[in-house]
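The structure appears below as structure tokens.
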Amino acid sequence: MAAIDELKTLLSEDIRQLETLAELLHREKQVLSSQDVKPLQIITEQKNHVLSDIRERARQKIRLLVSMGYRPDSGEPSRFIRAGGMDDLYQLWKTADQKLRECQSANQNNGRVVGHLQKRLTRITDIFRGASAQQKLYGAQGQQTSVSSRTILASA
């Protein structure tokens, strides 16, 4: 019974921190759409701290589940919890999973924004180099690269 209570505590803390992460991702999106990206460093550090805590609790949850009889190769932990008739724990698990998926979606959206900003910066750099009219090739990741960059922007 102590393992179930500890799992509930860990999941409650996950939910709280996932809500914090969602707020950080929202603030990150706002910063990415603004001209001042200085706060981005602080937000990134905060995100890394929250993610580190969540990863550590994930290890603790798996250890507790294994001590309760869960086998990692037998499928999702939520199935094990549900099959054990631990309804309160299952609801917490579902809530945490939903919050995690929301954070993943927000992070993917922010990643797309960063990708667009990188493409825009590349186009501006090509204009500065005088390479904007040159042919482009596609790389393995689908990114465009100029065939030739004869014009040197700067040298050391």
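Identifiers in the structure tokens: chain A, B, ... in order shown; residue index from 1 per chain; ligand index from 1 in order shown.
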
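For chain A, a DSSP pass over the backbone yields strand (DSSP E) at Lys136, Leu137, Tyr138, Gln144, Thr145 and Ser146 of chain A.
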
Could those residues be written to a file, using all heavy atoms, as a short mmCIF file (atom, residue, chain, number, x, y, z; two decimals), in the first residue's frame?
```cif
data_model
loop_
_atom_site.label_atom_id
_atom_site.label_comp_id
_atom_site.auth_asym_id
_atom_site.auth_seq_id
_atom_site.Cartn_x
_atom_site.Cartn_y
_atom_site.Cartn_z
N LYS A 136 19.47 25.89 -55.42
CA LYS A 136 19.48 25.26 -54.10
C LYS A 136 19.41 23.75 -54.25
O LYS A 136 18.84 23.24 -55.20
CB LYS A 136 18.28 25.73 -53.27
CG LYS A 136 18.10 27.22 -53.19
CD LYS A 136 18.88 27.78 -52.07
CE LYS A 136 18.50 29.24 -51.88
NZ LYS A 136 19.55 30.05 -51.45
N LEU A 137 20.00 23.07 -53.29
CA LEU A 137 19.89 21.62 -53.19
C LEU A 137 19.20 21.29 -51.88
O LEU A 137 19.23 22.07 -50.94
CB LEU A 137 21.27 20.97 -53.20
CG LEU A 137 22.09 21.10 -54.49
CD1 LEU A 137 23.45 20.46 -54.30
CD2 LEU A 137 21.35 20.43 -55.64
N TYR A 138 18.59 20.11 -51.82
CA TYR A 138 17.95 19.67 -50.59
C TYR A 138 18.86 18.67 -49.89
O TYR A 138 19.40 17.76 -50.50
CB TYR A 138 16.59 19.02 -50.87
CG TYR A 138 15.54 20.03 -51.26
CD1 TYR A 138 15.22 20.26 -52.59
CD2 TYR A 138 14.87 20.75 -50.29
CE1 TYR A 138 14.27 21.19 -52.94
CE2 TYR A 138 13.92 21.69 -50.62
CZ TYR A 138 13.61 21.90 -51.95
OH TYR A 138 12.67 22.83 -52.28
N GLN A 144 17.20 23.34 -47.36
CA GLN A 144 17.80 23.84 -48.60
C GLN A 144 19.20 24.35 -48.31
O GLN A 144 19.44 24.97 -47.28
CB GLN A 144 16.98 25.00 -49.16
CG GLN A 144 15.67 24.60 -49.77
CD GLN A 144 14.98 25.79 -50.40
OE1 GLN A 144 15.36 26.93 -50.21
NE2 GLN A 144 13.95 25.51 -51.17
N THR A 145 20.11 24.09 -49.24
CA THR A 145 21.45 24.65 -49.15
C THR A 145 21.83 25.20 -50.52
O THR A 145 21.42 24.66 -51.55
CB THR A 145 22.50 23.60 -48.72
OG1 THR A 145 22.46 22.51 -49.64
CG2 THR A 145 22.24 23.08 -47.32
N SER A 146 22.59 26.27 -50.52
CA SER A 146 23.03 26.86 -51.78
C SER A 146 24.07 25.96 -52.42
O SER A 146 24.87 25.32 -51.74
CB SER A 146 23.65 28.24 -51.54
OG SER A 146 22.68 29.11 -51.00
#
```

Show me, as a ChimeraX atom specification, the residues that have an atom within 10 Å of Cys103 (chain A) when counting only C-alpha atoms, minus same-chain residues fewer than 2 positions from it. /A:18-26,97-101,105-109

Surrounding residues of Gly84 (chain A) excluding itself and chain neighbours under 3 positions, 12 Å, only C-alpha atoms, as a ChimeraX atom specification: /A:4,65,68-70,77-81,87-90

Give me a file of those residues, with C-alpha atoms, as a PDB file, in the first residue's frame.
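Result file again_23.pdb:
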```pdb
ATOM      1  CA  ILE A   4       0.649   3.017  -4.219  1.00  0.00           C
ATOM      2  CA  LEU A  65       5.839  -0.446 -10.281  1.00  0.00           C
ATOM      3  CA  MET A  68       4.586  -4.127  -7.156  1.00  0.00           C
ATOM      4  CA  GLY A  69       4.951  -6.859  -9.800  1.00  0.00           C
ATOM      5  CA  TYR A  70       4.955  -4.890 -13.047  1.00  0.00           C
ATOM      6  CA  PRO A  77       2.193   0.609 -17.033  1.00  0.00           C
ATOM      7  CA  SER A  78      -1.338   2.034 -17.248  1.00  0.00           C
ATOM      8  CA  ARG A  79      -2.653  -1.414 -18.234  1.00  0.00           C
ATOM      9  CA  PHE A  80      -0.965  -2.945 -15.202  1.00  0.00           C
ATOM     10  CA  ILE A  81      -2.433  -0.268 -12.918  1.00  0.00           C
ATOM     11  CA  ASP A  87      -8.738   3.348  -9.999  1.00  0.00           C
ATOM     12  CA  ASP A  88      -7.445   6.453  -8.167  1.00  0.00           C
ATOM     13  CA  LEU A  89      -3.916   5.727  -9.321  1.00  0.00           C
ATOM     14  CA  TYR A  90      -5.134   5.056 -12.869  1.00  0.00           C
TER      15      TYR A  90
END
```

Tell me, as a PyMOL selection string, which residues lie within 12 Å of Gly115 (chain A), counting only C-alpha atoms; anything in the same chain fewer than 6 positions away does not count. chain A and resi 32+108-109+121-122+141-143

Gap from CA of Asp53 (chain A) to CA of Ala83 (chain A) - Å, one decimal: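 Separation between CA of Asp53 (chain A) and CA of Ala83 (chain A): 28.0 Å.
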
Residue contacts of Leu40 (chain A) (12 Å, only C-alpha atoms) excluding same-chain residues fewer than 5 positions away, as a list in words: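 In the requested format, the answer is Leu24, Leu25, His26, Arg27, Glu28, Lys29, Gln30, Val31, Leu32, Ser33, Ser34, Gln35, Glu45, Gln46, Lys47, Asn110 and Val114 of chain A.
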
Going by DSSP on the backbone, which bits of chain A are helix (DSSP H, G or I)? Write them as a ChimeraX atom specification, please. /A:2-32,39-67,72-74,77-83,87-129

For Ala58 (chain A), find every residue with an atom within 12 Å (counting only C-alpha atoms), except residues of its own chain fewer than 3 positions away, and show them as JSON, numbers by chain. {"A": [7, 10, 11, 13, 14, 51, 52, 53, 54, 55, 61, 62, 63, 64, 65, 77, 93, 96, 97]}

Would you output that residue set with C-alpha atoms, as a PDB file, in the first residue's frame?
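Contents of again30.pdb, freshly written:
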```pdb
ATOM      1  CA  LEU A   7       3.134   6.518  -6.790  1.00  0.00           C
ATOM      2  CA  LEU A  10       4.947  11.129  -7.635  1.00  0.00           C
ATOM      3  CA  LEU A  11       2.131  11.404 -10.181  1.00  0.00           C
ATOM      4  CA  GLU A  13       4.058  16.118  -8.550  1.00  0.00           C
ATOM      5  CA  ASP A  14       4.348  15.169 -12.251  1.00  0.00           C
ATOM      6  CA  LEU A  51      12.390  17.971 -17.396  1.00  0.00           C
ATOM      7  CA  SER A  52      15.227  16.665 -15.251  1.00  0.00           C
ATOM      8  CA  ASP A  53      12.867  16.357 -12.282  1.00  0.00           C
ATOM      9  CA  ILE A  54      10.251  14.589 -14.410  1.00  0.00           C
ATOM     10  CA  ARG A  55      12.836  12.102 -15.726  1.00  0.00           C
ATOM     11  CA  LYS A  61       7.811   5.279 -10.696  1.00  0.00           C
ATOM     12  CA  ILE A  62       9.161   2.387 -12.747  1.00  0.00           C
ATOM     13  CA  ARG A  63      11.097   1.066  -9.717  1.00  0.00           C
ATOM     14  CA  LEU A  64       7.935   1.240  -7.606  1.00  0.00           C
ATOM     15  CA  LEU A  65       5.839  -0.446 -10.281  1.00  0.00           C
ATOM     16  CA  PRO A  77       2.193   0.609 -17.033  1.00  0.00           C
ATOM     17  CA  TRP A  93      -1.752   8.289 -14.455  1.00  0.00           C
ATOM     18  CA  ALA A  96      -0.349  12.986 -16.124  1.00  0.00           C
ATOM     19  CA  ASP A  97      -0.246  11.288 -19.529  1.00  0.00           C
TER      20      ASP A  97
END
```
